[in-house]
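K.L.:
Below is final.cif; it holds mmCIF, C-alpha atoms.
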data_start
loop_
_atom_site.label_atom_id
_atom_site.label_comp_id
_atom_site.auth_asym_id
_atom_site.auth_seq_id
_atom_site.Cartn_x
_atom_site.Cartn_y
_atom_site.Cartn_z
CA MET E 1 131.71 100.13 9.48
CA TRP E 2 132.38 97.82 6.55
CA GLN E 3 130.86 94.33 6.80
CA SER E 4 132.05 91.56 4.50
CA THR E 5 132.49 87.77 4.36
CA CYS E 6 135.55 88.12 2.14
CA CYS E 7 139.17 87.62 3.26
CA LEU E 8 141.27 90.61 4.31
CA GLY E 9 143.13 91.05 1.01
CA SER E 10 140.12 91.01 -1.29
CA CYS E 11 138.19 93.19 1.17
CA THR E 12 140.89 95.85 1.00
CA GLN E 13 140.74 95.81 -2.77
CA THR E 14 136.97 96.05 -2.67
CA ILE E 15 137.09 99.03 -0.31
CA THR E 16 139.69 100.77 -2.50
CA ARG E 17 137.60 100.21 -5.62
CA SER E 18 134.46 101.40 -3.81
CA LEU E 19 136.11 104.60 -2.65
CA SER E 20 137.36 105.25 -6.20
CA ILE E 21 133.89 104.68 -7.59
CA MET E 22 132.38 107.00 -4.96
CA LYS E 23 134.86 109.76 -5.80
CA LEU E 24 134.21 109.33 -9.51
CA SER E 25 130.42 109.39 -8.95
CA LEU E 26 130.68 112.56 -6.88
CA PHE E 27 132.86 114.19 -9.56
CA VAL E 28 130.50 113.19 -12.37
CA GLY E 29 127.52 114.36 -10.32
CA CYS E 30 129.08 117.76 -9.69
CA VAL E 31 129.96 118.15 -13.36
CA ALA E 32 126.43 117.15 -14.40
CA VAL E 33 124.88 119.68 -12.02
CA SER E 34 127.21 122.40 -13.28
CA ILE E 35 126.43 121.59 -16.90
CA LEU E 36 122.69 121.51 -16.21
CA ALA E 37 122.83 124.84 -14.37
CA ALA E 38 124.85 126.42 -17.16
CA ALA E 39 122.48 125.00 -19.76
CA SER E 40 119.52 126.39 -17.87
CA GLU E 41 121.04 129.85 -17.83
CA GLN E 42 121.83 129.68 -21.53
CA THR E 43 118.32 128.58 -22.46
CA PHE E 44 116.79 131.73 -20.98
CA ASP E 45 115.99 134.30 -23.64
CA SER E 46 117.38 137.61 -22.38
CA ILE E 47 114.94 139.48 -24.63
CA LEU E 48 112.16 138.12 -22.41
CA ASP E 49 113.71 139.23 -19.11
CA GLU E 50 111.49 142.28 -18.73
CA ASP E 51 108.40 140.39 -19.87
CA TRP E 52 109.12 137.70 -17.26
CA ARG E 53 109.50 140.29 -14.50
CA ASN E 54 106.31 142.07 -15.56
CA TRP E 55 104.39 138.80 -15.74
CA LYS E 56 105.50 137.79 -12.25
CA SER E 57 104.54 141.20 -10.90
CA GLU E 58 101.13 141.22 -12.62
CA HIS E 59 100.20 137.80 -11.28
CA GLU E 60 101.98 138.19 -7.92
CA LYS E 61 104.19 135.17 -8.48
CA GLN E 62 106.93 134.41 -5.98
CA TYR E 63 109.29 131.45 -6.15
CA THR E 64 112.23 129.99 -4.30
CA GLU E 65 115.54 130.44 -6.11
CA GLY E 66 115.58 126.86 -7.36
CA GLU E 67 111.94 126.87 -8.39
CA GLU E 68 112.20 130.11 -10.34
CA SER E 69 114.59 128.63 -12.90
CA TYR E 70 112.19 125.79 -13.62
CA ARG E 71 109.14 128.05 -13.82
CA ARG E 72 110.99 130.43 -16.12
CA MET E 73 111.79 127.52 -18.45
CA VAL E 74 108.13 126.43 -18.47
CA TRP E 75 106.96 130.02 -19.05
CA GLU E 76 109.36 130.51 -21.96
CA ASP E 77 108.24 127.25 -23.53
CA ASN E 78 104.64 128.43 -23.29
CA MET E 79 105.65 131.77 -24.81
CA ARG E 80 107.21 129.95 -27.77
CA PHE E 81 104.00 127.94 -28.21
CA ILE E 82 101.90 131.12 -28.16
CA LYS E 83 104.15 132.87 -30.68
CA GLN E 84 104.10 129.88 -33.04
CA HIS E 85 100.33 129.41 -32.80
CA ASN E 86 99.60 133.07 -33.49
CA LEU E 87 102.02 133.05 -36.42
CA GLU E 88 100.07 130.11 -37.84
CA HIS E 89 96.82 131.99 -37.14
CA SER E 90 98.08 134.93 -39.21
CA MET E 91 98.67 132.44 -42.04
CA GLY E 92 95.10 131.18 -41.82
CA LYS E 93 95.84 127.85 -40.12
CA HIS E 94 93.79 128.58 -36.97
CA GLY E 95 90.54 130.45 -36.39
CA PHE E 96 91.51 131.62 -32.92
CA THR E 97 94.42 133.24 -31.12
CA VAL E 98 96.15 132.39 -27.87
CA GLY E 99 97.90 134.59 -25.32
CA MET E 100 99.87 134.53 -22.09
CA ASN E 101 97.81 134.43 -18.89
CA HIS E 102 98.08 133.42 -15.23
CA PHE E 103 98.63 129.76 -16.22
CA GLY E 104 101.90 130.65 -17.95
CA ASP E 105 104.21 128.93 -15.46
CA LEU E 106 102.32 125.62 -15.55
CA THR E 107 103.02 122.69 -17.82
CA ASN E 108 99.95 121.37 -19.58
CA LYS E 109 99.94 118.34 -17.27
CA GLU E 110 100.06 120.54 -14.16
CA PHE E 111 97.32 122.74 -15.58
CA ASN E 112 95.00 119.79 -16.14
CA GLU E 113 95.61 118.32 -12.70
CA LEU E 114 94.93 121.66 -11.05
CA MET E 115 92.06 123.21 -12.99
CA ASN E 116 89.91 120.54 -14.61
CA GLY E 117 87.55 118.81 -12.19
CA PHE E 118 84.61 117.39 -14.11
CA ARG E 119 83.93 113.79 -13.14
CA PRO E 120 81.50 112.27 -15.64
CA LEU E 121 79.09 109.52 -14.72
CA ASP E 122 77.49 107.12 -17.16
CA SER E 123 74.43 108.99 -18.35
CA ASN E 124 73.78 106.89 -21.44
CA ASN E 125 70.71 105.39 -19.83
CA VAL E 126 69.46 108.54 -18.12
CA ASN E 127 66.04 109.67 -19.30
CA VAL E 128 66.07 113.07 -20.96
CA VAL E 129 63.56 115.63 -19.76
CA ASP E 130 62.49 118.21 -22.30
CA GLU E 131 61.89 121.87 -21.59
CA PHE E 132 58.18 121.22 -20.96
CA GLY E 133 58.82 118.79 -18.12
CA GLY E 134 58.06 115.43 -19.77
CA ASP E 135 60.41 112.45 -19.59
CA ARG E 136 61.77 111.56 -23.02
CA ASN E 137 64.57 109.56 -24.52
CA ASP E 138 66.30 110.15 -27.85
CA GLU E 139 63.87 108.00 -29.84
CA GLU E 140 60.83 109.83 -28.46
CA ALA E 141 62.17 113.28 -29.27
CA ASP E 142 60.07 115.56 -31.46
CA GLU E 143 61.83 115.30 -34.81
CA ASP E 144 59.10 117.24 -36.61
CA GLU E 145 59.46 120.48 -34.69
CA ASN E 146 60.68 123.31 -36.90
CA ASP E 147 63.91 124.80 -35.62
CA ASP E 148 64.82 126.66 -38.81
CA TYR E 149 64.68 129.96 -36.95
CA LEU E 150 67.72 128.85 -34.94
CA GLU E 151 69.95 128.58 -38.01
CA ASP E 152 70.79 132.29 -38.19
CA ALA E 153 69.82 133.26 -34.65
CA THR E 154 72.13 134.94 -32.15
CA VAL E 155 71.52 134.27 -28.48
CA ASP E 156 73.36 135.98 -25.63
CA TRP E 157 71.72 135.67 -22.21
CA ARG E 158 74.15 138.19 -20.75
CA GLU E 159 72.17 140.88 -22.55
CA LYS E 160 68.97 139.70 -20.86
CA GLY E 161 70.38 139.83 -17.33
CA TYR E 162 70.63 136.05 -16.79
CA VAL E 163 74.40 135.86 -16.23
CA THR E 164 76.49 136.95 -13.25
CA GLN E 165 80.03 138.28 -13.54
CA VAL E 166 82.82 135.86 -14.44
CA LYS E 167 84.09 134.10 -11.31
CA ASN E 168 87.37 132.39 -10.49
CA GLN E 169 87.56 128.89 -9.03
CA GLY E 170 91.20 129.40 -8.01
CA ASN E 171 93.41 126.38 -7.28
CA CYS E 172 90.48 124.04 -6.79
CA GLY E 173 88.88 121.56 -9.19
CA SER E 174 85.40 122.97 -8.52
CA CYS E 175 84.44 123.89 -12.09
CA TRP E 176 81.35 121.69 -11.75
CA ALA E 177 80.09 123.87 -8.87
CA PHE E 178 80.53 127.08 -10.88
CA SER E 179 78.76 125.57 -13.86
CA ALA E 180 75.87 124.48 -11.63
CA THR E 181 75.46 127.83 -9.87
CA GLY E 182 75.58 129.63 -13.22
CA ALA E 183 72.67 127.58 -14.52
CA ILE E 184 70.65 128.07 -11.32
CA GLU E 185 71.38 131.81 -11.31
CA GLY E 186 69.94 132.09 -14.80
CA GLN E 187 66.78 130.13 -14.04
CA TRP E 188 66.22 131.93 -10.75
CA PHE E 189 66.48 135.24 -12.60
CA ALA E 190 63.95 134.03 -15.17
CA LYS E 191 61.51 133.34 -12.34
CA THR E 192 62.17 136.26 -9.97
CA LYS E 193 64.01 138.88 -12.06
CA GLN E 194 66.69 138.89 -9.36
CA LEU E 195 70.24 138.04 -10.40
CA ILE E 196 71.89 136.65 -7.27
CA PRO E 197 75.41 135.19 -7.30
CA LEU E 198 75.04 131.80 -5.60
CA SER E 199 77.40 129.84 -3.39
CA GLU E 200 79.80 127.44 -5.06
CA GLN E 201 81.38 126.89 -1.66
CA GLN E 202 78.18 125.33 -0.36
CA LEU E 203 78.25 122.81 -3.19
CA VAL E 204 81.94 122.09 -2.59
CA ASP E 205 81.41 121.58 1.15
CA CYS E 206 78.02 119.93 1.30
CA SER E 207 77.31 117.74 -1.75
CA SER E 208 79.78 114.88 -1.20
CA LEU E 209 76.98 112.50 -0.23
CA TYR E 210 75.59 113.02 -3.73
CA GLY E 211 78.77 111.90 -5.47
CA ASN E 212 80.85 115.08 -5.65
CA ALA E 213 84.37 115.37 -4.28
CA GLY E 214 84.88 119.04 -3.54
CA CYS E 215 88.08 120.38 -5.09
CA ARG E 216 88.80 116.93 -6.53
CA GLY E 217 85.91 117.14 -8.97
CA GLY E 218 82.20 116.57 -9.37
CA TRP E 219 79.21 116.64 -11.68
CA MET E 220 76.57 119.33 -12.16
CA SER E 221 73.58 117.00 -11.93
CA ASN E 222 74.87 115.76 -8.56
CA ALA E 223 74.98 119.39 -7.44
CA PHE E 224 71.41 119.94 -8.67
CA GLU E 225 70.29 116.79 -6.85
CA TYR E 226 71.81 118.13 -3.65
CA VAL E 227 70.12 121.54 -4.02
CA VAL E 228 66.75 119.86 -4.63
CA ASN E 229 67.03 117.72 -1.50
CA SER E 230 68.66 120.28 0.79
CA GLY E 231 65.89 122.80 0.21
CA GLY E 232 67.98 125.41 -1.56
CA ILE E 233 71.29 127.21 -1.89
CA ASN E 234 72.78 130.20 -0.11
CA SER E 235 74.09 133.31 -1.82
CA ALA E 236 77.80 133.72 -2.51
CA THR E 237 77.77 136.65 -0.09
CA ASP E 238 76.39 134.60 2.80
CA TYR E 239 78.48 131.50 2.07
CA ARG E 240 81.74 132.78 0.64
CA TYR E 241 84.07 130.90 -1.66
CA VAL E 242 87.49 129.91 -0.26
CA ALA E 243 88.73 127.45 -2.92
CA GLU E 244 89.07 124.50 -0.55
CA GLN E 245 86.68 121.97 0.93
CA ASN E 246 85.55 122.59 4.49
CA ASN E 247 82.78 121.34 6.76
CA CYS E 248 79.28 122.03 5.48
CA SER E 249 77.90 125.32 6.83
CA PHE E 250 74.63 125.56 4.90
CA MET E 251 72.29 128.17 6.42
CA ILE E 252 68.75 126.98 5.87
CA ASN E 253 67.41 130.33 7.12
CA LYS E 254 69.29 132.17 4.36
CA ILE E 255 68.20 130.36 1.21
CA ALA E 256 68.76 132.51 -1.87
CA ALA E 257 67.38 130.17 -4.57
CA LYS E 258 65.61 126.82 -4.94
CA ILE E 259 65.11 124.28 -7.70
CA LYS E 260 62.57 121.49 -8.13
CA HIS E 261 64.33 119.18 -10.55
CA TYR E 262 66.86 119.11 -13.38
CA ALA E 263 66.89 117.87 -16.98
CA PHE E 264 69.40 116.48 -19.43
CA VAL E 265 69.49 117.73 -23.01
CA ILE E 266 69.52 115.24 -25.89
CA ARG E 267 73.01 114.97 -27.39
CA ARG E 268 72.47 116.74 -30.68
CA VAL E 269 73.18 120.27 -31.89
CA LYS E 270 69.50 121.03 -32.54
CA TYR E 271 68.42 120.13 -29.02
CA LEU E 272 71.15 122.06 -27.24
CA SER E 273 70.45 125.02 -29.52
CA ARG E 274 66.76 124.77 -28.69
CA ALA E 275 67.45 124.52 -24.95
CA VAL E 276 69.84 127.49 -24.91
CA ALA E 277 67.44 129.62 -27.00
CA ARG E 278 64.31 128.85 -24.98
CA ILE E 279 65.52 128.14 -21.45
CA GLY E 280 68.69 130.11 -20.78
CA PRO E 281 72.24 129.22 -19.74
CA ILE E 282 72.90 125.46 -19.80
CA SER E 283 75.58 123.54 -17.88
CA VAL E 284 77.87 121.50 -20.11
CA ALA E 285 81.17 119.63 -19.88
CA ILE E 286 84.03 119.85 -22.38
CA ASP E 287 87.54 118.65 -23.02
CA ALA E 288 89.67 121.58 -21.88
CA SER E 289 92.92 119.63 -21.73
CA LYS E 290 94.82 121.04 -24.71
CA ARG E 291 97.46 123.74 -24.40
CA SER E 292 95.58 125.82 -26.98
CA PHE E 293 92.64 125.88 -24.53
CA GLN E 294 94.90 126.72 -21.60
CA PHE E 295 95.99 129.88 -23.43
CA TYR E 296 92.90 130.63 -25.56
CA ARG E 297 92.42 134.35 -26.19
CA GLN E 298 89.92 135.17 -29.00
CA GLY E 299 88.14 133.70 -32.01
CA VAL E 300 86.23 130.47 -32.61
CA TYR E 301 88.01 127.57 -30.92
CA ASN E 302 88.33 124.49 -33.11
CA ASN E 303 90.98 121.97 -32.17
CA GLN E 304 90.53 118.67 -34.00
CA GLN E 305 92.57 116.92 -31.30
CA CYS E 306 90.05 118.01 -28.68
CA SER E 307 88.19 114.90 -27.52
CA ALA E 308 84.44 114.57 -28.01
CA HIS E 309 84.33 111.68 -25.53
CA LEU E 310 86.61 112.62 -22.62
CA PRO E 311 85.35 115.88 -21.10
CA ASN E 312 87.23 117.04 -18.03
CA HIS E 313 85.93 120.56 -17.39
CA ALA E 314 82.48 121.98 -16.61
CA VAL E 315 81.37 125.34 -18.03
CA LEU E 316 78.20 127.24 -18.93
CA VAL E 317 76.74 127.81 -22.41
CA VAL E 318 75.19 131.30 -22.30
CA GLY E 319 74.41 131.67 -26.00
CA PHE E 320 75.45 131.02 -29.57
CA GLY E 321 76.05 132.93 -32.78
CA LYS E 322 78.18 133.23 -35.91
CA MET E 323 81.65 134.72 -36.44
CA ASP E 324 83.61 134.72 -39.69
CA ASN E 325 81.07 132.26 -41.15
CA ASN E 326 81.62 129.87 -38.24
CA ASP E 327 78.79 128.98 -35.85
CA TYR E 328 79.87 128.97 -32.22
CA TRP E 329 78.71 128.25 -28.69
CA LEU E 330 79.29 131.19 -26.34
CA ILE E 331 80.69 129.74 -23.12
CA LYS E 332 81.33 131.24 -19.71
CA ASN E 333 84.32 129.80 -17.87
CA SER E 334 85.33 130.02 -14.20
CA TRP E 335 89.02 130.94 -14.49
CA GLY E 336 88.65 134.69 -14.02
CA THR E 337 88.55 137.48 -16.60
CA GLY E 338 92.29 137.17 -17.24
CA TRP E 339 91.69 133.95 -19.15
CA GLY E 340 90.24 133.84 -22.66
CA ASP E 341 88.07 136.66 -23.97
CA GLN E 342 87.33 138.33 -20.62
CA GLY E 343 86.56 134.91 -19.15
CA TYR E 344 84.61 133.57 -22.15
CA ILE E 345 85.34 131.28 -25.08
CA LYS E 346 83.61 130.66 -28.40
CA ILE E 347 83.70 126.97 -29.37
CA LEU E 348 82.81 125.76 -32.86
CA LYS E 349 79.15 124.72 -32.99
CA SER E 350 78.80 121.71 -35.27
CA ARG E 351 77.66 118.12 -35.53
CA ALA E 352 81.27 117.13 -34.98
CA ASN E 353 80.66 117.87 -31.29
CA ILE E 354 83.93 119.75 -30.83
CA CYS E 355 85.36 119.10 -27.33
CA GLY E 356 82.26 117.07 -26.38
CA VAL E 357 80.04 120.06 -25.61
CA LEU E 358 76.89 118.06 -26.44
CA ASN E 359 77.53 115.06 -24.18
CA TYR E 360 76.59 116.21 -20.68
CA ALA E 361 74.29 119.22 -21.11
CA VAL E 362 71.97 119.64 -18.13
CA TYR E 363 69.91 122.43 -16.57
CA PRO E 364 67.88 123.04 -13.37
CA ILE E 365 64.11 123.45 -13.26
CA VAL E 366 62.80 126.00 -10.77
#
Please express what this file holds, its structure, as structure tokens.

P.N.:
Amino acid sequence: MWQSTCCLGSCTQTITRSLSIMKLSLFVGCVAVSILAAASEQTFDSILDEDWRNWKSEHEKQYTEGEESYRRMVWEDNMRFIKQHNLEHSMGKHGFTVGMNHFGDLTNKEFNELMNGFRPLDSNNVNVVDEFGGDRNDEEADEDENDDYLEDATVDWREKGYVTQVKNQGNCGSCWAFSATGAIEGQWFAKTKQLIPLSEQQLVDCSSLYGNAGCRGGWMSNAFEYVVNSGGINSATDYRYVAEQNNCSFMINKIAAKIKHYAFVIRRVKYLSRAVARIGPISVAIDASKRSFQFYRQGVYNNQQCSAHLPNHAVLVVGFGKMDNNDYWLIKNSWGTGWGDQGYIKILKSRANICGVLNYAVYPIV
């Protein structure tokens, strides 16, 4: 029913004009949809049809009819980025390559919202504990200690049995939990010579009172604080990972590892190098937000746009070395073996603090 305060004549004119406008709007809308649909079809590269089908099959991707067009467009855009980056790599512009992986149908914004769950706290005033158990701050650090042997050293704790297989956090921002368990696994092995995959799910479910938020992010030191106070952590076999936060089901009668405390590493290359060389795998946080990180494949990662101050992803430094005259940190990720170099990345090791790797380094003490 039409409601109006106007007189009959002007109301009739208004109704007529309104109907004309409605018809025109519907016509324009239909034309716009048709043009957009046609444009979408034309933007698809037919040469990539088989690659698209193979990629969907490999990663078991299924979409609704409307969604598939959008995801194909995103995937092709990512393919163009990969091709261009690797072309520039062949010309010497980059020291690392990129490649298509299971994140291929995600925009960079979607990727960051889904996969990066490090939630930094202000640790500027946190006392640093050195590897011998004494509280120190930056000014009290031992500047005279000779670390020259680290300059040309290669460290890889995988070769010593400290590192479990690469895991996959799935569609859950629980990177902090995987980083924490990786560090505990290494220290527990150093003490017991038993390499036991530990439960990220327990940390996701049970450590919210210590400042973590399950799949919405957390911090490794909060996870360590929880493990200290809870009495220990279950194995990944006893408390299986499901990539979502549930009620806490910690089994105190099935503790697989314990820690007494945890320590932060002073924010300099020499101290992180010293910690990795002497202690074992160290939890760190980095900026993993760039598309070049999303699709990293091999080589020494060095993106000057990578922030040294805004880390958003927790990982595990398991060693360091040199490649093509570039020093690097060897880092274990938690995105499965289909990402990166079988689940690992080499990040440039320098005073420039590429991607902020030095800012939040922390490790458990057993």

K.L.:
For Cys248 (chain E), which residue among E:Ser208, E:Ser273, E:Gln187, E:Gln165 is the nearest when counting only C-alpha atoms?

P.N.:
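Result for the nearest residue to Cys248 (chain E): E:Ser208.
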
K.L.:
What does the structure give for the distance between CA of Asn253 (chain E) and CA of Ile279 (chain E), in Å to one decimal?

P.N.:
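Straight-line distance from CA of Asn253 (chain E) to CA of Ile279 (chain E) works out to 28.7 Å.
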
K.L.:
Find the residues around Ile184 (chain E) up to 7 Å (all atoms listed in the file counted), leave out those fewer than 4 positions away in its own chain, and share them as a PyMOL selection string.

P.N.:
chain E and resi 180+188+364

K.L.:
Between CA of Tyr271 (chain E) and CA of Met220 (chain E), measure the distance and give it in Å to one decimal.

P.N.:
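A separation of 18.7 Å between them.
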
K.L.:
Go through E:Arg72, E:His94, E:His85, E:Arg240 and flag the residue nearest Gln201 (chain E), using only C-alpha atoms for the distances.

P.N.:
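Of the candidates, the smallest distance to Gln201 (chain E) is held by E:Arg240.
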
K.L.:
Translate the PyMOL selection byres ((chain E and resi 172) around 9), as applied to the file shown, into an explicit residue set as a list in words.

P.N.:
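Evaluating the PyMOL selection byres ((chain E and resi 172) around 9) on these coordinates yields Leu114, Met115, Asn116, Gly117, Gln169, Gly170, Asn171, Gly173, Ser174, Cys175, Gly214, Cys215, Arg216, Gly217, Ala243, Glu244 and Gln245 of chain E.
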
K.L.:
Write out as a short mmCIF file (atom, residue, chain, number, x, y, z; two decimals) with C-alpha atoms, in the frame of the given file each polymer residue whose atoms come within 10 Å of Asn112 (chain E), counting all atoms listed in the file; drop sequence neighbours fewer than 5 positions from it.

P.N.:
data_model
loop_
_atom_site.label_atom_id
_atom_site.label_comp_id
_atom_site.auth_asym_id
_atom_site.auth_seq_id
_atom_site.Cartn_x
_atom_site.Cartn_y
_atom_site.Cartn_z
CA LEU E 106 102.32 125.62 -15.55
CA THR E 107 103.02 122.69 -17.82
CA GLY E 117 87.55 118.81 -12.19
CA GLY E 173 88.88 121.56 -9.19
CA ALA E 288 89.67 121.58 -21.88
CA SER E 289 92.92 119.63 -21.73
CA LYS E 290 94.82 121.04 -24.71
CA ARG E 291 97.46 123.74 -24.40
CA GLN E 294 94.90 126.72 -21.60
CA ASN E 312 87.23 117.04 -18.03
CA HIS E 313 85.93 120.56 -17.39
#

K.L.:
Please tell me which residues are no farther than 9 Å from (87.0, 112.1, -23.9) in the file, counting all atoms listed in the file, and write them as a ChimeraX atom specification.

P.N.:
/E:286-287,306-312,355-356

K.L.:
Start from the incomplete input, build all heavy atoms for region 165-173 of chain E, and deliver everything as a PDB file, in the coordinates of the input.

P.N.:
ATOM      1  N   GLN E 165      78.659 137.981 -13.116  1.00  0.00           N
ATOM      2  CA  GLN E 165      80.030 138.280 -13.540  1.00  0.00           C
ATOM      3  C   GLN E 165      80.865 136.995 -13.560  1.00  0.00           C
ATOM      4  O   GLN E 165      80.581 136.019 -12.850  1.00  0.00           O
ATOM      5  CB  GLN E 165      80.674 139.276 -12.577  1.00  0.00           C
ATOM      6  CG  GLN E 165      80.002 140.637 -12.566  1.00  0.00           C
ATOM      7  CD  GLN E 165      80.111 141.343 -13.910  1.00  0.00           C
ATOM      8  OE1 GLN E 165      81.189 141.416 -14.500  1.00  0.00           O
ATOM      9  NE2 GLN E 165      78.995 141.868 -14.400  1.00  0.00           N
ATOM     10  N   VAL E 166      81.900 137.000 -14.377  1.00  0.00           N
ATOM     11  CA  VAL E 166      82.820 135.860 -14.440  1.00  0.00           C
ATOM     12  C   VAL E 166      83.479 135.667 -13.077  1.00  0.00           C
ATOM     13  O   VAL E 166      83.953 136.627 -12.463  1.00  0.00           O
ATOM     14  CB  VAL E 166      83.887 136.078 -15.525  1.00  0.00           C
ATOM     15  CG1 VAL E 166      84.972 135.006 -15.460  1.00  0.00           C
ATOM     16  CG2 VAL E 166      83.234 136.078 -16.904  1.00  0.00           C
ATOM     17  N   LYS E 167      83.502 134.432 -12.614  1.00  0.00           N
ATOM     18  CA  LYS E 167      84.090 134.100 -11.310  1.00  0.00           C
ATOM     19  C   LYS E 167      85.408 133.358 -11.518  1.00  0.00           C
ATOM     20  O   LYS E 167      85.790 133.037 -12.637  1.00  0.00           O
ATOM     21  CB  LYS E 167      83.105 133.252 -10.508  1.00  0.00           C
ATOM     22  CG  LYS E 167      81.737 133.910 -10.306  1.00  0.00           C
ATOM     23  CD  LYS E 167      80.781 132.994  -9.556  1.00  0.00           C
ATOM     24  CE  LYS E 167      79.383 133.581  -9.463  1.00  0.00           C
ATOM     25  NZ  LYS E 167      78.443 132.693  -8.711  1.00  0.00           N
ATOM     26  N   ASN E 168      86.075 133.055 -10.411  1.00  0.00           N
ATOM     27  CA  ASN E 168      87.370 132.390 -10.490  1.00  0.00           C
ATOM     28  C   ASN E 168      87.426 131.268  -9.455  1.00  0.00           C
ATOM     29  O   ASN E 168      87.365 131.522  -8.249  1.00  0.00           O
ATOM     30  CB  ASN E 168      88.503 133.380 -10.248  1.00  0.00           C
ATOM     31  CG  ASN E 168      89.857 132.831 -10.645  1.00  0.00           C
ATOM     32  OD1 ASN E 168      90.071 131.622 -10.687  1.00  0.00           O
ATOM     33  ND2 ASN E 168      90.794 133.715 -10.941  1.00  0.00           N
ATOM     34  N   GLN E 169      87.542 130.041  -9.927  1.00  0.00           N
ATOM     35  CA  GLN E 169      87.560 128.890  -9.030  1.00  0.00           C
ATOM     36  C   GLN E 169      88.878 128.758  -8.268  1.00  0.00           C
ATOM     37  O   GLN E 169      88.959 127.987  -7.293  1.00  0.00           O
ATOM     38  CB  GLN E 169      87.290 127.600  -9.803  1.00  0.00           C
ATOM     39  CG  GLN E 169      88.388 127.210 -10.765  1.00  0.00           C
ATOM     40  CD  GLN E 169      87.990 126.082 -11.686  1.00  0.00           C
ATOM     41  OE1 GLN E 169      87.145 126.243 -12.557  1.00  0.00           O
ATOM     42  NE2 GLN E 169      88.597 124.914 -11.486  1.00  0.00           N
ATOM     43  N   GLY E 170      89.920 129.475  -8.698  1.00  0.00           N
ATOM     44  CA  GLY E 170      91.200 129.400  -8.010  1.00  0.00           C
ATOM     45  C   GLY E 170      91.832 128.016  -8.157  1.00  0.00           C
ATOM     46  O   GLY E 170      91.527 127.268  -9.088  1.00  0.00           O
ATOM     47  N   ASN E 171      92.699 127.659  -7.216  1.00  0.00           N
ATOM     48  CA  ASN E 171      93.410 126.380  -7.280  1.00  0.00           C
ATOM     49  C   ASN E 171      92.569 125.272  -6.678  1.00  0.00           C
ATOM     50  O   ASN E 171      92.929 124.646  -5.668  1.00  0.00           O
ATOM     51  CB  ASN E 171      94.753 126.489  -6.547  1.00  0.00           C
ATOM     52  CG  ASN E 171      95.685 127.472  -7.212  1.00  0.00           C
ATOM     53  OD1 ASN E 171      95.578 127.730  -8.405  1.00  0.00           O
ATOM     54  ND2 ASN E 171      96.602 128.034  -6.447  1.00  0.00           N
ATOM     55  N   CYS E 172      91.444 125.016  -7.293  1.00  0.00           N
ATOM     56  CA  CYS E 172      90.480 124.040  -6.790  1.00  0.00           C
ATOM     57  C   CYS E 172      89.705 123.489  -7.984  1.00  0.00           C
ATOM     58  O   CYS E 172      89.243 124.252  -8.829  1.00  0.00           O
ATOM     59  CB  CYS E 172      89.524 124.728  -5.796  1.00  0.00           C
ATOM     60  SG  CYS E 172      88.125 123.732  -5.213  1.00  0.00           S
ATOM     61  N   GLY E 173      89.581 122.178  -8.079  1.00  0.00           N
ATOM     62  CA  GLY E 173      88.880 121.560  -9.190  1.00  0.00           C
ATOM     63  C   GLY E 173      87.374 121.588  -9.026  1.00  0.00           C
ATOM     64  O   GLY E 173      86.695 120.554  -9.090  1.00  0.00           O
TER      65      GLY E 173
END
